[in-house]
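First comes the structure, then the notes that go with it.
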Amino acid sequence: MIALIGASASGKTEIAKILASKYGISKVVTTTTRPMRIGEVDGRDYFFVSQEEFNKRINDGRFVEYINYNNNFYGSQKDQIADDKCLVVEPHGLNKYRLLKDNHIVIFHLLASEKTRFNRMLLRGDSKENAESRIIKDRIEFADEKIGKCDYTIDTENLSINDIADYIYSHYKKHLG
């Protein structure tokens with residue numbers, strides 16, 4: 001399994017889309033309580049559920065991990081775990097996946113400057129206030145000590161999304177042997 005970790009707008013979702021279309025690496029579909037953005041599709045981008053339904057799934061033990069981030073809940077369900085899948089995750093969730101003994105996970109940490117990430121958020125339709133708030137929260141949430149050791153670190157500033165996806169796929173396959 002490929003794990004992509006990085007602060008807001010570091011390129012995780014776009015890279016996951018290319019890995020899916022170009023290499024058949026399907027994205028682990030995360031469950032969330034946040035509202036759908038324009039262009040998102042339930043069951044493809046996320047499983048969008050109510051807070052009540054999310055709580056029911058917690059009680060049923062259906063998640064590997066879940067977290068409250070930016071006042072919305074996000075979690076990855078156990079039925080989404082498989083080889084040749086791509087997981088977009090934050091530090092808390094990544095640490096839960098590290099505890100799984102059955103799965104081999106190759107971790108890619110995606111970096112981009114705050115300025116670049118801020119501009120990417122505005123381009124995708126986030127409000128200026130929301131983008132500023134996420135940048136501030138990400139300084140804490142995505143601090144190096146919270147992420148821990150990753151197999152690969154990629155600066156996404158000056159590389160195309162396609163080049164990054166190619167790099168990730170080739171290194172994932174090499175890592176697996």
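We label chains A, B, ... in the order they appear in the structure tokens, count residues from 1 in each chain, and number ligands from 1 in the order shown.
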- request: Give me the residues within 12 Å of A:Ile15 as a PyMOL selection string, counting only C-alpha atoms and dropping any in the same chain fewer than 2 places off.
  value: chain A and resi 2-6+9-13+17-23+25-27+86-88+108+110+154+156+159-169
Saved selection, atoms kept: C-alpha atoms, as a CSV table (one decimal), in the first residue's frame:
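Final file, out_39.csv:
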```csv
chain,number,residue,atom,x,y,z
A,2,ILE,CA,1.2,3.5,-0.8
A,3,ALA,CA,0.7,6.1,2.0
A,4,LEU,CA,0.8,9.8,1.0
A,5,ILE,CA,1.2,12.2,3.8
A,6,GLY,CA,1.6,16.0,3.7
A,9,ALA,CA,-2.7,21.2,-0.6
A,10,SER,CA,0.6,19.4,-0.8
A,11,GLY,CA,-0.6,17.4,-3.8
A,12,LYS,CA,-1.8,14.2,-2.2
A,13,THR,CA,-5.3,13.9,-3.8
A,17,LYS,CA,-5.8,10.4,-9.0
A,18,ILE,CA,-2.9,9.9,-11.4
A,19,LEU,CA,-1.7,6.8,-9.6
A,20,ALA,CA,-5.2,5.4,-10.2
A,21,SER,CA,-5.6,6.4,-13.8
A,22,LYS,CA,-2.1,5.6,-15.0
A,23,TYR,CA,-1.1,2.6,-12.8
A,25,ILE,CA,-3.5,2.0,-7.9
A,26,SER,CA,-6.9,2.7,-6.5
A,27,LYS,CA,-7.3,5.3,-3.7
A,86,CYS,CA,-3.1,4.5,-2.2
A,87,LEU,CA,-3.9,5.9,1.2
A,88,VAL,CA,-4.1,9.7,1.8
A,108,PHE,CA,5.8,9.1,0.9
A,110,LEU,CA,5.0,15.4,0.2
A,154,ILE,CA,9.3,14.6,-2.1
A,156,THR,CA,6.4,19.0,-4.8
A,159,LEU,CA,7.9,18.9,-10.1
A,160,SER,CA,4.9,18.2,-12.2
A,161,ILE,CA,2.1,16.0,-10.7
A,162,ASN,CA,2.8,13.4,-13.4
A,163,ASP,CA,6.6,13.3,-12.5
A,164,ILE,CA,5.8,12.9,-8.8
A,165,ALA,CA,3.3,10.1,-9.5
A,166,ASP,CA,5.9,8.3,-11.7
A,167,TYR,CA,8.5,8.7,-9.0
A,168,ILE,CA,6.2,7.3,-6.4
A,169,TYR,CA,5.1,4.3,-8.5
```
Which polymer residues have any atom within 10 Å of an atom of A:Lys137, counting only C-alpha atoms, with same-chain residues fewer than 3 positions away left out, as a JSON list (two decimals) with C-alpha atoms, in the first residue's frame?
```json
[["chain", "number", "residue", "atom", "x", "y", "z"],
["A", 7, "ALA", "CA", -0.06, 19.18, 4.82],
["A", 8, "SER", "CA", -3.15, 20.62, 3.14],
["A", 69, "TYR", "CA", -9.59, 17.62, 11.70],
["A", 70, "ASN", "CA", -10.80, 21.15, 10.99],
["A", 131, "ALA", "CA", -6.78, 28.55, 3.66],
["A", 132, "GLU", "CA", -5.09, 30.76, 6.26],
["A", 133, "SER", "CA", -6.60, 28.72, 9.09],
["A", 134, "ARG", "CA", -5.44, 25.43, 7.55],
["A", 140, "ILE", "CA", 1.28, 21.91, 14.33],
["A", 141, "GLU", "CA", -0.54, 18.89, 12.86],
["A", 142, "PHE", "CA", 2.13, 18.11, 10.26]]
```
field: Who sits within 8 Å of A:Glu65, only C-alpha atoms, same chain under 3 positions skipped, as a PyMOL selection string
entry: chain A and resi 75-77+92-93+96-97
- prompt: So which one's closest to A:Val89, A:Leu111, A:Met121, A:Val29, A:Val49? Using only C-alpha atoms, please.
  reply: A:Val29
- request: Can you work out which one of A:Lys146, A:Arg44, A:Lys128, A:His171 has the shortest atom-to-atom distance to A:Pro91, counting only C-alpha atoms?
  value: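 Closest to A:Pro91 of all the choices is A:Lys146.
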Interface rows for stretch 39-122 of chain A against stretch 173-176 of chain A: nearest pair, Å to one decimal, 12 Å, only C-alpha atoms, as JSON lines:
```
{"residue": "A:Asp83", "atom": "CA", "partner": "A:Leu176", "partner_atom": "CA", "distance": 10.5}
{"residue": "A:Asp84", "atom": "CA", "partner": "A:Lys173", "partner_atom": "CA", "distance": 9.7}
{"residue": "A:Asn103", "atom": "CA", "partner": "A:Leu176", "partner_atom": "CA", "distance": 11.7}
{"residue": "A:His104", "atom": "CA", "partner": "A:Leu176", "partner_atom": "CA", "distance": 8.4}
{"residue": "A:Ile105", "atom": "CA", "partner": "A:Leu176", "partner_atom": "CA", "distance": 9.3}
{"residue": "A:Val106", "atom": "CA", "partner": "A:His175", "partner_atom": "CA", "distance": 7.4}
{"residue": "A:Ile107", "atom": "CA", "partner": "A:His175", "partner_atom": "CA", "distance": 10.4}
{"residue": "A:Phe108", "atom": "CA", "partner": "A:His175", "partner_atom": "CA", "distance": 11.7}
```
Mind dumping the selected residues with C-alpha atoms as a compact mmCIF listing (two decimals), in the first residue's frame?
```txt
# COMPACT_ATOMS: atom_id res chain seq x y z
CA ASP A 83 -2.14 -4.06 -1.72
CA ASP A 84 -1.82 -1.71 -4.70
CA ASN A 103 0.21 -4.80 5.56
CA HIS A 104 3.33 -3.51 3.90
CA ILE A 105 3.05 0.25 3.58
CA VAL A 106 5.48 2.49 1.68
CA ILE A 107 5.26 6.04 3.03
CA PHE A 108 5.79 9.14 0.85
```
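Nearest to A:Gly39 of all the residues A:Arg57, A:Arg124, A:His109, A:Arg62 is A:Arg124, based on only C-alpha atoms.
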- prompt: So which bits of stretch 28-139 of chain A end up strand (DSSP E or B) when you DSSP the backbone, as a ChimeraX atom specification?
  reply: /A:30-32,42,46-48,63-69,72-77,85-89,106-111
Selected residues written out, C-alpha atoms, as a PDB file, in the first residue's frame:
```pdb
ATOM      1  CA  THR A  30     -11.826   7.768   3.331  1.00  0.00           C
ATOM      2  CA  THR A  31     -15.058   8.407   5.200  1.00  0.00           C
ATOM      3  CA  THR A  32     -15.746  11.991   6.285  1.00  0.00           C
ATOM      4  CA  ASP A  42     -19.555  10.315  -2.953  1.00  0.00           C
ATOM      5  CA  TYR A  46     -14.784  10.228   0.054  1.00  0.00           C
ATOM      6  CA  PHE A  47     -17.679   8.435   1.647  1.00  0.00           C
ATOM      7  CA  PHE A  48     -19.669  11.468   2.858  1.00  0.00           C
ATOM      8  CA  PHE A  63     -12.236   2.072  11.220  1.00  0.00           C
ATOM      9  CA  VAL A  64      -8.477   1.479  11.298  1.00  0.00           C
ATOM     10  CA  GLU A  65      -8.221   5.084  12.407  1.00  0.00           C
ATOM     11  CA  TYR A  66     -10.231   8.261  12.596  1.00  0.00           C
ATOM     12  CA  ILE A  67      -9.647  11.845  13.619  1.00  0.00           C
ATOM     13  CA  ASN A  68     -11.382  15.181  14.031  1.00  0.00           C
ATOM     14  CA  TYR A  69      -9.591  17.616  11.701  1.00  0.00           C
ATOM     15  CA  ASN A  72     -14.833  17.388  10.589  1.00  0.00           C
ATOM     16  CA  PHE A  73     -14.260  13.699  11.167  1.00  0.00           C
ATOM     17  CA  TYR A  74     -12.165  11.596   8.789  1.00  0.00           C
ATOM     18  CA  GLY A  75     -11.528   7.872   9.017  1.00  0.00           C
ATOM     19  CA  SER A  76     -10.358   4.953   6.955  1.00  0.00           C
ATOM     20  CA  GLN A  77     -12.381   1.797   7.101  1.00  0.00           C
ATOM     21  CA  LYS A  85      -3.984   0.891  -2.999  1.00  0.00           C
ATOM     22  CA  CYS A  86      -3.087   4.471  -2.181  1.00  0.00           C
ATOM     23  CA  LEU A  87      -3.880   5.927   1.222  1.00  0.00           C
ATOM     24  CA  VAL A  88      -4.052   9.696   1.783  1.00  0.00           C
ATOM     25  CA  VAL A  89      -3.498  10.115   5.505  1.00  0.00           C
ATOM     26  CA  VAL A 106       5.481   2.494   1.683  1.00  0.00           C
ATOM     27  CA  ILE A 107       5.262   6.042   3.034  1.00  0.00           C
ATOM     28  CA  PHE A 108       5.791   9.136   0.855  1.00  0.00           C
ATOM     29  CA  HIS A 109       5.957  12.534   2.588  1.00  0.00           C
ATOM     30  CA  LEU A 110       4.953  15.361   0.234  1.00  0.00           C
ATOM     31  CA  LEU A 111       6.313  18.837   0.917  1.00  0.00           C
TER      32      LEU A 111
END
```
- prompt: What residues in chain A get the DSSP label helix (DSSP H, G or I)? Please answer as a ChimeraX atom specification.
  reply: /A:12-23,51-59,78-80,91-98,114-123,128-141,144-147,161-176
